Amino acid sequence: MNLLIFALLMGLWTGLTELAAAETPNVIVIMADDLGYGDLSIYGGRVATPAIDRLAVEGRRFTSGYCSASTCTPSRYSLLTGTYAFRVPGTGIAAPNAAALISPETVTLPSLMKQAGYATAVVGKWHLGLGVGRPDWNGELKPGPRDIGFDHCLILPTTNDRVPQVFVQDRRVRNLDPNDPLWVGEKIPSPDHPTGQSHRHTLKLDWDQGHNGTIHNGISRIGFYTGGHQARFRDEDLADEWIRESRHWIDSHRAEPFFLFFASHDIHVPRVPHERFQGKSGQGPRGDCILEFDACVGELTQTIEQLGIKEKTMIIVCSDNGPVLNDGYKDQAVEKVGDHQPAGPYRGGKYSVYEGGTRTPFIIHWPGRIAPSVSDEIVCTIDLPATLAALTGQSLPPDACRDSLDLRGVFLGETGARGRDHLVQQDNGGGNFGLRDGHWKLVRQKLPARATRQAKSAGEDLPAVQEQLFDLSRDPGEQTNVAAQHPEVLSRLRERLEAIIRDGRTRPHIP
Ligand code: NG6
Ligand code: CA
């Protein structure tokens, strides 16, 4: 056969098999903020979360589901880019005026979905920066979500404990009155500008640490802003507004495959849910926000049911990092927690590289395709780009999504399919790491500067880095350091972690 014809036929055949293998469910990724492993009732939590529990019972629930970092910005960076954030300096918790962290040429989860023919949107908290240098609040906010693969967005720029309390719709602040320009800054704009310090007595929610800048809606925040009054929202209405927007967007894209990233602000501080949830959980505002988050999941589920697209829609429920009780406001989270364990049986939480920092709820619901099941396989939000690319019949460019693994089999519940054999867990970029390797866990932390100083003045020679080894099969709570008993495991994991950091990638090259 003529070589050219042969090559053409082969090309056609490969194309056809890829097409046959490709599946195009609608995908809704629902990410909670600071929701711990133990915070949902299906995972043992004390606040009832019936809507999420139902998805878990009808779908696939993971007990080793993770995000890759124990704070928001690096975790979301990894979710969207499929690359560990520790590889990219400057991906720690973004400040109010942070510039866009993901550059437009990056292959991202939404750009991959778009390439597969999906309509794409992000509704909710962003916290990955906007613009070049700093956001141009009164002009075009570019680059932003629209420049990395989302067709549409309605976002809160950073977190709601940071200024400003406005929505960014596509590339502009929504409802901004040009006669009342929005100014956002790091320093107090004028000596008479009311702040959480000067007007503490007027606050409806008092701060405990930080969070004493500009006051809006009776709550003082991190940073300062003036103007943009018409654009400002009430904290209590945040979740409802995002649900309204999501319902509308899903409805107008019901006939095509769509990808929605619903990034809830619940249960991050300031914890101010809508009035109808206030006081309803018995656990104070933190518990009330869990109720609000569950209600959001219920609303989104109901939307796809009403539109008759439940069977062909994959819903993933996850969190961006582990739990925290007091995160800077006096909201009774500590006082009212009772015997509820936000991180479940795990040690640590937000900011930590112990399991509680990143092991989080992880549920996949796709009734047309995934049978009800519980899995102990290791999966991570960083795997979404490679997994969804594979599902939709795409191969990744070699240098894209460098730590994202195709876990289709595990996601779909195929018999014998295996999850990750390892996962690196990071903190906010402070150089502390966890490495889960099978049932082993290495924790490598820098000693706090204070401890090193104290040791030095006492004449001790402390190592700058502290290593701990845990056997999660016997000690899931990481209580007993067995490094001395298993030196060979310790050195194997130490070397593996170093190689992962050094090599710049963990996704295998596929020739
Ligand atoms: C910390 C804030 C905390 C929270 C966190 C980011 C103080 C004292 N603490 O610096 O309240 O905003 O940053 O949380 O200001 S995250 O979930 O978005 O990563
Ligand atoms: Ca968070």
# chains A, B, ... in the order shown; residues from 1 in each chain; ligands from 1
call {"tool": "closest_atom_pairs", "arguments": {"of": "chain A", "to": "ligand 2", "cutoff": "10 Å", "atoms": "only C-alpha atoms and all ligand atoms", "output": "JSON lines"}}
result
{"residue": "A:Met31", "atom": "CA", "partner": "ligand 2", "partner_atom_place_in_ligand_line": "1 (Ca)", "distance": 9.5}
{"residue": "A:Ala32", "atom": "CA", "partner": "ligand 2", "partner_atom_place_in_ligand_line": "1 (Ca)", "distance": 7.8}
{"residue": "A:Asp33", "atom": "CA", "partner": "ligand 2", "partner_atom_place_in_ligand_line": "1 (Ca)", "distance": 4.3}
{"residue": "A:Asp34", "atom": "CA", "partner": "ligand 2", "partner_atom_place_in_ligand_line": "1 (Ca)", "distance": 4.3}
{"residue": "A:Leu35", "atom": "CA", "partner": "ligand 2", "partner_atom_place_in_ligand_line": "1 (Ca)", "distance": 7.8}
{"residue": "A:Ala69", "atom": "CA", "partner": "ligand 2", "partner_atom_place_in_ligand_line": "1 (Ca)", "distance": 9.4}
{"residue": "A:Ser70", "atom": "CA", "partner": "ligand 2", "partner_atom_place_in_ligand_line": "1 (Ca)", "distance": 7.6}
{"residue": "A:Thr71", "atom": "CA", "partner": "ligand 2", "partner_atom_place_in_ligand_line": "1 (Ca)", "distance": 5.3}
{"residue": "A:Cys72", "atom": "CA", "partner": "ligand 2", "partner_atom_place_in_ligand_line": "1 (Ca)", "distance": 4.0}
{"residue": "A:Thr73", "atom": "CA", "partner": "ligand 2", "partner_atom_place_in_ligand_line": "1 (Ca)", "distance": 7.7}
{"residue": "A:Pro74", "atom": "CA", "partner": "ligand 2", "partner_atom_place_in_ligand_line": "1 (Ca)", "distance": 9.6}
{"residue": "A:Ser75", "atom": "CA", "partner": "ligand 2", "partner_atom_place_in_ligand_line": "1 (Ca)", "distance": 8.1}
{"residue": "A:Arg76", "atom": "CA", "partner": "ligand 2", "partner_atom_place_in_ligand_line": "1 (Ca)", "distance": 8.9}
{"residue": "A:Ile93", "atom": "CA", "partner": "ligand 2", "partner_atom_place_in_ligand_line": "1 (Ca)", "distance": 9.2}
{"residue": "A:Lys125", "atom": "CA", "partner": "ligand 2", "partner_atom_place_in_ligand_line": "1 (Ca)", "distance": 9.7}
{"residue": "A:His127", "atom": "CA", "partner": "ligand 2", "partner_atom_place_in_ligand_line": "1 (Ca)", "distance": 9.4}
{"residue": "A:Thr159", "atom": "CA", "partner": "ligand 2", "partner_atom_place_in_ligand_line": "1 (Ca)", "distance": 8.7}
{"residue": "A:Ser264", "atom": "CA", "partner": "ligand 2", "partner_atom_place_in_ligand_line": "1 (Ca)", "distance": 9.9}
{"residue": "A:His265", "atom": "CA", "partner": "ligand 2", "partner_atom_place_in_ligand_line": "1 (Ca)", "distance": 8.4}
{"residue": "A:Asp266", "atom": "CA", "partner": "ligand 2", "partner_atom_place_in_ligand_line": "1 (Ca)", "distance": 9.1}
{"residue": "A:Ile267", "atom": "CA", "partner": "ligand 2", "partner_atom_place_in_ligand_line": "1 (Ca)", "distance": 8.4}
{"residue": "A:His268", "atom": "CA", "partner": "ligand 2", "partner_atom_place_in_ligand_line": "1 (Ca)", "distance": 6.5}
{"residue": "A:Val269", "atom": "CA", "partner": "ligand 2", "partner_atom_place_in_ligand_line": "1 (Ca)", "distance": 9.3}
{"residue": "A:Ser319", "atom": "CA", "partner": "ligand 2", "partner_atom_place_in_ligand_line": "1 (Ca)", "distance": 7.7}
{"residue": "A:Asp320", "atom": "CA", "partner": "ligand 2", "partner_atom_place_in_ligand_line": "1 (Ca)", "distance": 5.2}
{"residue": "A:Asn321", "atom": "CA", "partner": "ligand 2", "partner_atom_place_in_ligand_line": "1 (Ca)", "distance": 5.2}
{"residue": "A:Gly322", "atom": "CA", "partner": "ligand 2", "partner_atom_place_in_ligand_line": "1 (Ca)", "distance": 7.6}
{"residue": "A:Pro323", "atom": "CA", "partner": "ligand 2", "partner_atom_place_in_ligand_line": "1 (Ca)", "distance": 8.3}
{"residue": "A:Val324", "atom": "CA", "partner": "ligand 2", "partner_atom_place_in_ligand_line": "1 (Ca)", "distance": 9.3}
{"residue": "A:Lys350", "atom": "CA", "partner": "ligand 2", "partner_atom_place_in_ligand_line": "1 (Ca)", "distance": 7.6}
{"residue": "A:Tyr351", "atom": "CA", "partner": "ligand 2", "partner_atom_place_in_ligand_line": "1 (Ca)", "distance": 9.4}
call {"tool": "residues_around", "arguments": {"residues": "Val272 (chain A)", "least_positions_apart": "3", "cutoff": "9 Å", "atoms": "only C-alpha atoms", "output": "list in words"}}
result
Leu205, Asp235, Glu236, Asp266, Val269, Glu275, Gln278, Pro285, Arg286, Asp288 and Cys289 of chain A
call {"tool": "select_by_dssp", "arguments": {"residues": "region 237-448 of chain A", "states": "alpha helix (DSSP H)", "output": "PDB file with C-alpha atoms, in the first residue's frame"}}
result
ATOM      1  CA  LEU A 238     -22.895  35.900  48.348  1.00  0.00           C
ATOM      2  CA  ALA A 239     -23.959  32.251  48.109  1.00  0.00           C
ATOM      3  CA  ASP A 240     -27.429  33.045  46.779  1.00  0.00           C
ATOM      4  CA  GLU A 241     -26.040  35.296  44.075  1.00  0.00           C
ATOM      5  CA  TRP A 242     -23.646  32.605  42.881  1.00  0.00           C
ATOM      6  CA  ILE A 243     -26.398  30.006  42.856  1.00  0.00           C
ATOM      7  CA  ARG A 244     -28.652  32.336  40.863  1.00  0.00           C
ATOM      8  CA  GLU A 245     -25.857  32.923  38.363  1.00  0.00           C
ATOM      9  CA  SER A 246     -24.978  29.215  38.116  1.00  0.00           C
ATOM     10  CA  ARG A 247     -28.595  28.166  37.574  1.00  0.00           C
ATOM     11  CA  HIS A 248     -28.956  30.732  34.832  1.00  0.00           C
ATOM     12  CA  TRP A 249     -25.675  29.725  33.180  1.00  0.00           C
ATOM     13  CA  ILE A 250     -26.393  25.992  33.352  1.00  0.00           C
ATOM     14  CA  ASP A 251     -29.860  26.590  31.956  1.00  0.00           C
ATOM     15  CA  SER A 252     -28.524  28.496  28.982  1.00  0.00           C
ATOM     16  CA  GLY A 284     -22.242  28.811  65.562  1.00  0.00           C
ATOM     17  CA  PRO A 285     -21.456  30.507  62.245  1.00  0.00           C
ATOM     18  CA  ARG A 286     -18.970  27.836  61.147  1.00  0.00           C
ATOM     19  CA  GLY A 287     -21.643  25.129  61.350  1.00  0.00           C
ATOM     20  CA  ASP A 288     -24.218  27.459  59.783  1.00  0.00           C
ATOM     21  CA  CYS A 289     -21.885  27.927  56.805  1.00  0.00           C
ATOM     22  CA  ILE A 290     -21.652  24.145  56.432  1.00  0.00           C
ATOM     23  CA  LEU A 291     -25.466  24.178  56.166  1.00  0.00           C
ATOM     24  CA  GLU A 292     -25.293  26.915  53.546  1.00  0.00           C
ATOM     25  CA  PHE A 293     -22.693  24.990  51.544  1.00  0.00           C
ATOM     26  CA  ASP A 294     -24.843  21.863  51.636  1.00  0.00           C
ATOM     27  CA  ALA A 295     -27.845  23.887  50.497  1.00  0.00           C
ATOM     28  CA  CYS A 296     -25.819  25.209  47.528  1.00  0.00           C
ATOM     29  CA  VAL A 297     -24.924  21.668  46.506  1.00  0.00           C
ATOM     30  CA  GLY A 298     -28.624  20.782  46.831  1.00  0.00           C
ATOM     31  CA  GLU A 299     -29.623  23.706  44.587  1.00  0.00           C
ATOM     32  CA  LEU A 300     -27.114  22.768  41.893  1.00  0.00           C
ATOM     33  CA  THR A 301     -28.197  19.120  41.993  1.00  0.00           C
ATOM     34  CA  GLN A 302     -31.832  20.133  41.754  1.00  0.00           C
ATOM     35  CA  THR A 303     -31.030  22.335  38.759  1.00  0.00           C
ATOM     36  CA  ILE A 304     -29.601  19.469  36.727  1.00  0.00           C
ATOM     37  CA  GLU A 305     -32.450  17.198  37.827  1.00  0.00           C
ATOM     38  CA  GLN A 306     -35.055  19.701  36.728  1.00  0.00           C
ATOM     39  CA  GLU A 355      -2.995  14.757  56.769  1.00  0.00           C
ATOM     40  CA  GLY A 356      -5.664  17.137  58.096  1.00  0.00           C
ATOM     41  CA  GLY A 357      -4.250  19.925  55.923  1.00  0.00           C
ATOM     42  CA  THR A 358      -5.015  18.287  52.611  1.00  0.00           C
ATOM     43  CA  LEU A 384      -8.591  16.734  37.381  1.00  0.00           C
ATOM     44  CA  PRO A 385      -6.840  18.261  34.324  1.00  0.00           C
ATOM     45  CA  ALA A 386      -5.206  14.995  33.160  1.00  0.00           C
ATOM     46  CA  THR A 387      -8.216  12.869  34.062  1.00  0.00           C
ATOM     47  CA  LEU A 388     -10.803  15.064  32.364  1.00  0.00           C
ATOM     48  CA  ALA A 389      -8.518  15.572  29.349  1.00  0.00           C
ATOM     49  CA  ALA A 390      -8.271  11.786  28.960  1.00  0.00           C
ATOM     50  CA  LEU A 391     -12.000  11.345  29.487  1.00  0.00           C
ATOM     51  CA  ARG A 408     -10.028   7.845  34.863  1.00  0.00           C
ATOM     52  CA  GLY A 409     -10.321   4.224  35.949  1.00  0.00           C
ATOM     53  CA  VAL A 410     -10.412   5.125  39.635  1.00  0.00           C
ATOM     54  CA  PHE A 411     -12.770   8.036  39.122  1.00  0.00           C
ATOM     55  CA  LEU A 412     -15.173   5.805  37.196  1.00  0.00           C
TER      56      LEU A 412
END
call {"tool": "closest_residue", "arguments": {"among": "A:Arg436, A:Lys446, A:His211, A:Lys187", "to": "ligand 1", "atoms": "only C-alpha atoms and all ligand atoms"}}
result
A:His211
call {"tool": "residues_around", "arguments": {"residues": "Leu112 (chain A)", "least_positions_apart": "3", "cutoff": "9 Å", "atoms": "only C-alpha atoms", "output": "PyMOL selection string"}}
result
chain A and resi 107-109+115-118+149+385+388-389+392+394+396
call {"tool": "write_last_selection", "arguments": {"atoms": "N, CA and C atoms", "output": "PDB file, in the first residue's frame"}}
result
ATOM      1  N   VAL A 107      -1.640  25.726  29.798  1.00  0.00           N
ATOM      2  CA  VAL A 107      -2.708  24.741  29.572  1.00  0.00           C
ATOM      3  C   VAL A 107      -3.393  24.525  30.915  1.00  0.00           C
ATOM      4  N   THR A 108      -4.688  24.743  30.971  1.00  0.00           N
ATOM      5  CA  THR A 108      -5.399  24.655  32.248  1.00  0.00           C
ATOM      6  C   THR A 108      -6.588  23.702  32.136  1.00  0.00           C
ATOM      7  N   LEU A 109      -7.150  23.391  33.275  1.00  0.00           N
ATOM      8  CA  LEU A 109      -8.361  22.572  33.290  1.00  0.00           C
ATOM      9  C   LEU A 109      -9.441  23.196  32.396  1.00  0.00           C
ATOM     10  N   GLN A 115     -11.252  23.221  24.790  1.00  0.00           N
ATOM     11  CA  GLN A 115     -10.737  22.568  23.592  1.00  0.00           C
ATOM     12  C   GLN A 115     -11.568  21.337  23.216  1.00  0.00           C
ATOM     13  N   ALA A 116     -12.171  20.718  24.234  1.00  0.00           N
ATOM     14  CA  ALA A 116     -13.012  19.544  23.965  1.00  0.00           C
ATOM     15  C   ALA A 116     -14.426  19.969  23.546  1.00  0.00           C
ATOM     16  N   GLY A 117     -14.634  21.271  23.382  1.00  0.00           N
ATOM     17  CA  GLY A 117     -15.932  21.737  22.898  1.00  0.00           C
ATOM     18  C   GLY A 117     -16.917  22.106  23.992  1.00  0.00           C
ATOM     19  N   TYR A 118     -16.434  22.217  25.227  1.00  0.00           N
ATOM     20  CA  TYR A 118     -17.314  22.573  26.339  1.00  0.00           C
ATOM     21  C   TYR A 118     -17.508  24.082  26.448  1.00  0.00           C
ATOM     22  N   GLY A 149      -9.152  30.137  29.814  1.00  0.00           N
ATOM     23  CA  GLY A 149     -10.039  29.047  29.384  1.00  0.00           C
ATOM     24  C   GLY A 149     -11.492  29.157  29.803  1.00  0.00           C
ATOM     25  N   PRO A 385      -7.164  17.948  35.718  1.00  0.00           N
ATOM     26  CA  PRO A 385      -6.840  18.261  34.324  1.00  0.00           C
ATOM     27  C   PRO A 385      -6.509  17.012  33.486  1.00  0.00           C
ATOM     28  N   LEU A 388      -9.713  14.589  33.227  1.00  0.00           N
ATOM     29  CA  LEU A 388     -10.803  15.064  32.364  1.00  0.00           C
ATOM     30  C   LEU A 388     -10.337  15.217  30.913  1.00  0.00           C
ATOM     31  N   ALA A 389      -9.044  15.532  30.721  1.00  0.00           N
ATOM     32  CA  ALA A 389      -8.518  15.572  29.349  1.00  0.00           C
ATOM     33  C   ALA A 389      -8.633  14.182  28.736  1.00  0.00           C
ATOM     34  N   THR A 392     -12.195  13.164  27.908  1.00  0.00           N
ATOM     35  CA  THR A 392     -12.756  13.828  26.730  1.00  0.00           C
ATOM     36  C   THR A 392     -11.909  13.579  25.477  1.00  0.00           C
ATOM     37  N   GLN A 394      -8.514  13.689  24.924  1.00  0.00           N
ATOM     38  CA  GLN A 394      -7.398  14.553  24.552  1.00  0.00           C
ATOM     39  C   GLN A 394      -6.093  14.070  25.163  1.00  0.00           C
ATOM     40  N   LEU A 396      -2.274  15.323  26.481  1.00  0.00           N
ATOM     41  CA  LEU A 396      -1.706  16.576  26.986  1.00  0.00           C
ATOM     42  C   LEU A 396      -0.377  16.868  26.302  1.00  0.00           C
TER      43      LEU A 396
END
call {"tool": "select_by_dssp", "arguments": {"residues": "region 79-320 of chain A", "states": "strand (DSSP E)", "output": "ChimeraX atom specification"}}
result
/A:119-125,152-156,168-169,172-173,183-185,215-216,219-220,224-226,258-263,313-319
call {"tool": "atom_distance", "arguments": {"atom1": "CA of Leu447 (chain A)", "atom2": "CA of Gln426 (chain A)"}}
result
15.3 Å
call {"tool": "closest_atom_pairs", "arguments": {"of": "region 140-200 of chain A", "to": "region 214-229 of chain A", "cutoff": "9 Å", "atoms": "only C-alpha atoms", "output": "tab-separated table"}}
result
residue	atom	partner	partner_atom	distance
A:Asn160	CA	A:Arg221	CA	7.9
A:Asp161	CA	A:Arg221	CA	5.0
A:Arg162	CA	A:Ile222	CA	4.5
A:Val163	CA	A:Gly223	CA	5.7
A:Pro164	CA	A:Tyr225	CA	6.4
A:Gln165	CA	A:His216	CA	7.8
A:Val166	CA	A:Gly228	CA	8.0
A:Val173	CA	A:Gly228	CA	8.8
A:Asn175	CA	A:Gly228	CA	8.4
A:Leu176	CA	A:Gly228	CA	5.8
A:Asp177	CA	A:Gly228	CA	6.6
A:Pro178	CA	A:Gly228	CA	8.4
A:Asn179	CA	A:Gly228	CA	8.8
A:Asp180	CA	A:Gly227	CA	5.2
A:Pro181	CA	A:Gly227	CA	5.3
A:Leu182	CA	A:Gly227	CA	4.5
A:Trp183	CA	A:Thr226	CA	5.3
A:Val184	CA	A:Tyr225	CA	4.4
A:Gly185	CA	A:Phe224	CA	5.3
A:Glu186	CA	A:Gly223	CA	5.3
A:Lys187	CA	A:Phe224	CA	6.6
A:Ile188	CA	A:Phe224	CA	6.2
A:Pro189	CA	A:Phe224	CA	7.3
A:His193	CA	A:Thr214	CA	7.7
A:Pro194	CA	A:Thr214	CA	6.6
A:Thr195	CA	A:Thr214	CA	4.8
A:Gly196	CA	A:Ser220	CA	4.9
A:Gln197	CA	A:Ser220	CA	8.6
A:His199	CA	A:Ile215	CA	8.5
A:Arg200	CA	A:Ser220	CA	8.5
call {"tool": "write_last_selection", "arguments": {"atoms": "C-alpha atoms", "output": "CSV table (one decimal), in the first residue's frame"}}
result
chain,number,residue,atom,x,y,z
A,160,ASN,CA,-14.2,37.8,51.5
A,161,ASP,CA,-12.0,38.6,54.4
A,162,ARG,CA,-9.9,40.7,52.0
A,163,VAL,CA,-11.0,43.8,50.2
A,164,PRO,CA,-13.0,44.6,48.0
A,165,GLN,CA,-16.5,43.1,48.4
A,166,VAL,CA,-17.4,43.4,44.7
A,173,VAL,CA,-16.3,45.0,38.3
A,175,ASN,CA,-22.3,47.5,38.7
A,176,LEU,CA,-19.4,49.9,39.1
A,177,ASP,CA,-20.5,53.5,38.9
A,178,PRO,CA,-17.8,55.5,37.0
A,179,ASN,CA,-18.5,58.5,39.2
A,180,ASP,CA,-17.6,56.5,42.3
A,181,PRO,CA,-14.3,54.8,41.3
A,182,LEU,CA,-13.0,51.9,43.3
A,183,TRP,CA,-9.6,52.3,45.0
A,184,VAL,CA,-7.9,49.3,46.7
A,185,GLY,CA,-4.7,49.7,48.7
A,186,GLU,CA,-2.4,48.3,51.4
A,187,LYS,CA,-2.2,51.6,53.4
A,188,ILE,CA,-5.0,53.6,55.1
A,189,PRO,CA,-6.2,56.1,52.5
A,193,HIS,CA,-10.9,56.4,57.2
A,194,PRO,CA,-12.9,54.2,59.6
A,195,THR,CA,-11.2,50.8,60.2
A,196,GLY,CA,-11.6,47.8,62.4
A,197,GLN,CA,-9.2,49.5,64.9
A,199,HIS,CA,-14.3,51.8,64.9
A,200,ARG,CA,-14.1,48.5,66.6
call {"tool": "residues_around", "arguments": {"residues": "region 449-454 of chain A", "least_positions_apart": "3", "cutoff": "12 Å", "atoms": "only C-alpha atoms", "output": "tab-separated table (two decimals) with C-alpha atoms, in the first residue's frame"}}
result
chain	number	residue	atom	x	y	z
A	445	GLN	CA	9.28	20.67	58.09
A	446	LYS	CA	11.59	23.60	58.59
A	457	SER	CA	21.54	30.23	72.54
A	458	ALA	CA	21.30	27.06	74.66
A	459	GLY	CA	24.38	25.76	72.81
A	460	GLU	CA	22.44	22.98	71.01
A	461	ASP	CA	22.93	22.18	67.37
A	462	LEU	CA	19.46	21.60	65.97
A	463	PRO	CA	19.01	20.52	62.35
A	464	ALA	CA	17.22	23.16	60.26
A	465	VAL	CA	14.82	20.55	58.95
A	466	GLN	CA	12.81	18.14	61.03
call {"tool": "residues_around", "arguments": {"residues": "Gly131 (chain A)", "least_positions_apart": "5", "cutoff": "12 Å", "atoms": "only C-alpha atoms", "output": "list in words"}}
result
Pro96, Asn97, Ala98, Ala99, Ala100, Leu101, Ile102, Ser103, Pro104, Asp136, Trp137, Asn138, Gly139, Glu140, Leu141, Lys142, Pro143, Gly144, Pro145, Arg146, Asp147, Pro157, Arg171 and Arg172 of chain A
call {"tool": "residues_around", "arguments": {"residues": "Cys153 (chain A)", "least_positions_apart": "6", "cutoff": "9 Å", "atoms": "only C-alpha atoms", "output": "number ranges by chain"}}
result
A: 120-124, 145-146, 168-171
call {"tool": "closest_residue", "arguments": {"among": "A:Asn432, A:Gly38, A:Trp366, A:Glu377", "to": "Glu311 (chain A)", "atoms": "only C-alpha atoms"}}
result
A:Trp366
call {"tool": "atom_distance", "arguments": {"atom1": "CA of Phe258 (chain A)", "atom2": "CA of Ala119 (chain A)"}}
result
4.6 Å
call {"tool": "closest_residue", "arguments": {"among": "A:Ile500, A:Ile316, A:Leu40, A:Ala400", "to": "Ser111 (chain A)", "atoms": "only C-alpha atoms"}}
result
A:Ala400
call {"tool": "residues_around", "arguments": {"residues": "Gln485 (chain A)", "least_positions_apart": "6", "cutoff": "12 Å", "atoms": "only C-alpha atoms", "output": "MDAnalysis selection string"}}
result
chainID A and resid 468:471 491
call {"tool": "write_last_selection", "arguments": {"atoms": "N, CA, C and O atoms", "output": "PDB file, in the first residue's frame"}}
result
ATOM      1  N   GLN A 468       9.785  13.481  60.042  1.00  0.00           N
ATOM      2  CA  GLN A 468       9.014  12.498  60.802  1.00  0.00           C
ATOM      3  C   GLN A 468       8.483  11.466  59.819  1.00  0.00           C
ATOM      4  O   GLN A 468       8.180  11.799  58.671  1.00  0.00           O
ATOM      5  N   LEU A 469       8.368  10.239  60.304  1.00  0.00           N
ATOM      6  CA  LEU A 469       7.811   9.182  59.452  1.00  0.00           C
ATOM      7  C   LEU A 469       6.638   8.540  60.183  1.00  0.00           C
ATOM      8  O   LEU A 469       6.744   8.215  61.372  1.00  0.00           O
ATOM      9  N   PHE A 470       5.541   8.381  59.491  1.00  0.00           N
ATOM     10  CA  PHE A 470       4.361   7.761  60.095  1.00  0.00           C
ATOM     11  C   PHE A 470       3.896   6.597  59.232  1.00  0.00           C
ATOM     12  O   PHE A 470       4.016   6.638  58.005  1.00  0.00           O
ATOM     13  N   ASP A 471       3.337   5.595  59.907  1.00  0.00           N
ATOM     14  CA  ASP A 471       2.730   4.470  59.192  1.00  0.00           C
ATOM     15  C   ASP A 471       1.216   4.662  59.279  1.00  0.00           C
ATOM     16  O   ASP A 471       0.592   4.355  60.291  1.00  0.00           O
ATOM     17  N   SER A 491      14.792   6.932  54.359  1.00  0.00           N
ATOM     18  CA  SER A 491      15.699   7.451  53.326  1.00  0.00           C
ATOM     19  C   SER A 491      15.097   7.269  51.934  1.00  0.00           C
ATOM     20  O   SER A 491      15.291   8.130  51.071  1.00  0.00           O
TER      21      SER A 491
END
call {"tool": "decode", "arguments": {"residues": "region 231-242 of chain A", "atoms": "N, CA and C atoms", "output": "PDB file, in the first residue's frame"}}
result
ATOM      1  N   ALA A 231     -21.325  48.796  43.660  1.00  0.00           N
ATOM      2  CA  ALA A 231     -20.905  47.451  43.254  1.00  0.00           C
ATOM      3  C   ALA A 231     -20.809  46.482  44.434  1.00  0.00           C
ATOM      4  N   ARG A 232     -20.852  47.012  45.650  1.00  0.00           N
ATOM      5  CA  ARG A 232     -20.584  46.154  46.815  1.00  0.00           C
ATOM      6  C   ARG A 232     -21.760  45.228  47.127  1.00  0.00           C
ATOM      7  N   PHE A 233     -21.423  44.031  47.582  1.00  0.00           N
ATOM      8  CA  PHE A 233     -22.486  43.089  47.962  1.00  0.00           C
ATOM      9  C   PHE A 233     -22.510  42.931  49.470  1.00  0.00           C
ATOM     10  N   ARG A 234     -23.570  42.323  49.938  1.00  0.00           N
ATOM     11  CA  ARG A 234     -23.710  41.985  51.346  1.00  0.00           C
ATOM     12  C   ARG A 234     -23.191  40.565  51.523  1.00  0.00           C
ATOM     13  N   ASP A 235     -22.379  40.321  52.518  1.00  0.00           N
ATOM     14  CA  ASP A 235     -21.826  38.975  52.740  1.00  0.00           C
ATOM     15  C   ASP A 235     -22.925  37.908  52.738  1.00  0.00           C
ATOM     16  N   GLU A 236     -24.047  38.256  53.348  1.00  0.00           N
ATOM     17  CA  GLU A 236     -25.152  37.310  53.513  1.00  0.00           C
ATOM     18  C   GLU A 236     -25.718  36.833  52.176  1.00  0.00           C
ATOM     19  N   ASP A 237     -25.489  37.623  51.104  1.00  0.00           N
ATOM     20  CA  ASP A 237     -26.104  37.303  49.810  1.00  0.00           C
ATOM     21  C   ASP A 237     -25.157  36.615  48.829  1.00  0.00           C
ATOM     22  N   LEU A 238     -23.921  36.425  49.262  1.00  0.00           N
ATOM     23  CA  LEU A 238     -22.895  35.900  48.348  1.00  0.00           C
ATOM     24  C   LEU A 238     -23.305  34.550  47.749  1.00  0.00           C
ATOM     25  N   ALA A 239     -23.638  33.601  48.592  1.00  0.00           N
ATOM     26  CA  ALA A 239     -23.959  32.251  48.109  1.00  0.00           C
ATOM     27  C   ALA A 239     -25.191  32.267  47.201  1.00  0.00           C
ATOM     28  N   ASP A 240     -26.202  33.007  47.593  1.00  0.00           N
ATOM     29  CA  ASP A 240     -27.429  33.045  46.779  1.00  0.00           C
ATOM     30  C   ASP A 240     -27.169  33.634  45.396  1.00  0.00           C
ATOM     31  N   GLU A 241     -26.326  34.655  45.356  1.00  0.00           N
ATOM     32  CA  GLU A 241     -26.040  35.296  44.075  1.00  0.00           C
ATOM     33  C   GLU A 241     -25.309  34.317  43.138  1.00  0.00           C
ATOM     34  N   TRP A 242     -24.389  33.575  43.704  1.00  0.00           N
ATOM     35  CA  TRP A 242     -23.646  32.605  42.881  1.00  0.00           C
ATOM     36  C   TRP A 242     -24.542  31.456  42.430  1.00  0.00           C
TER      37      TRP A 242
END
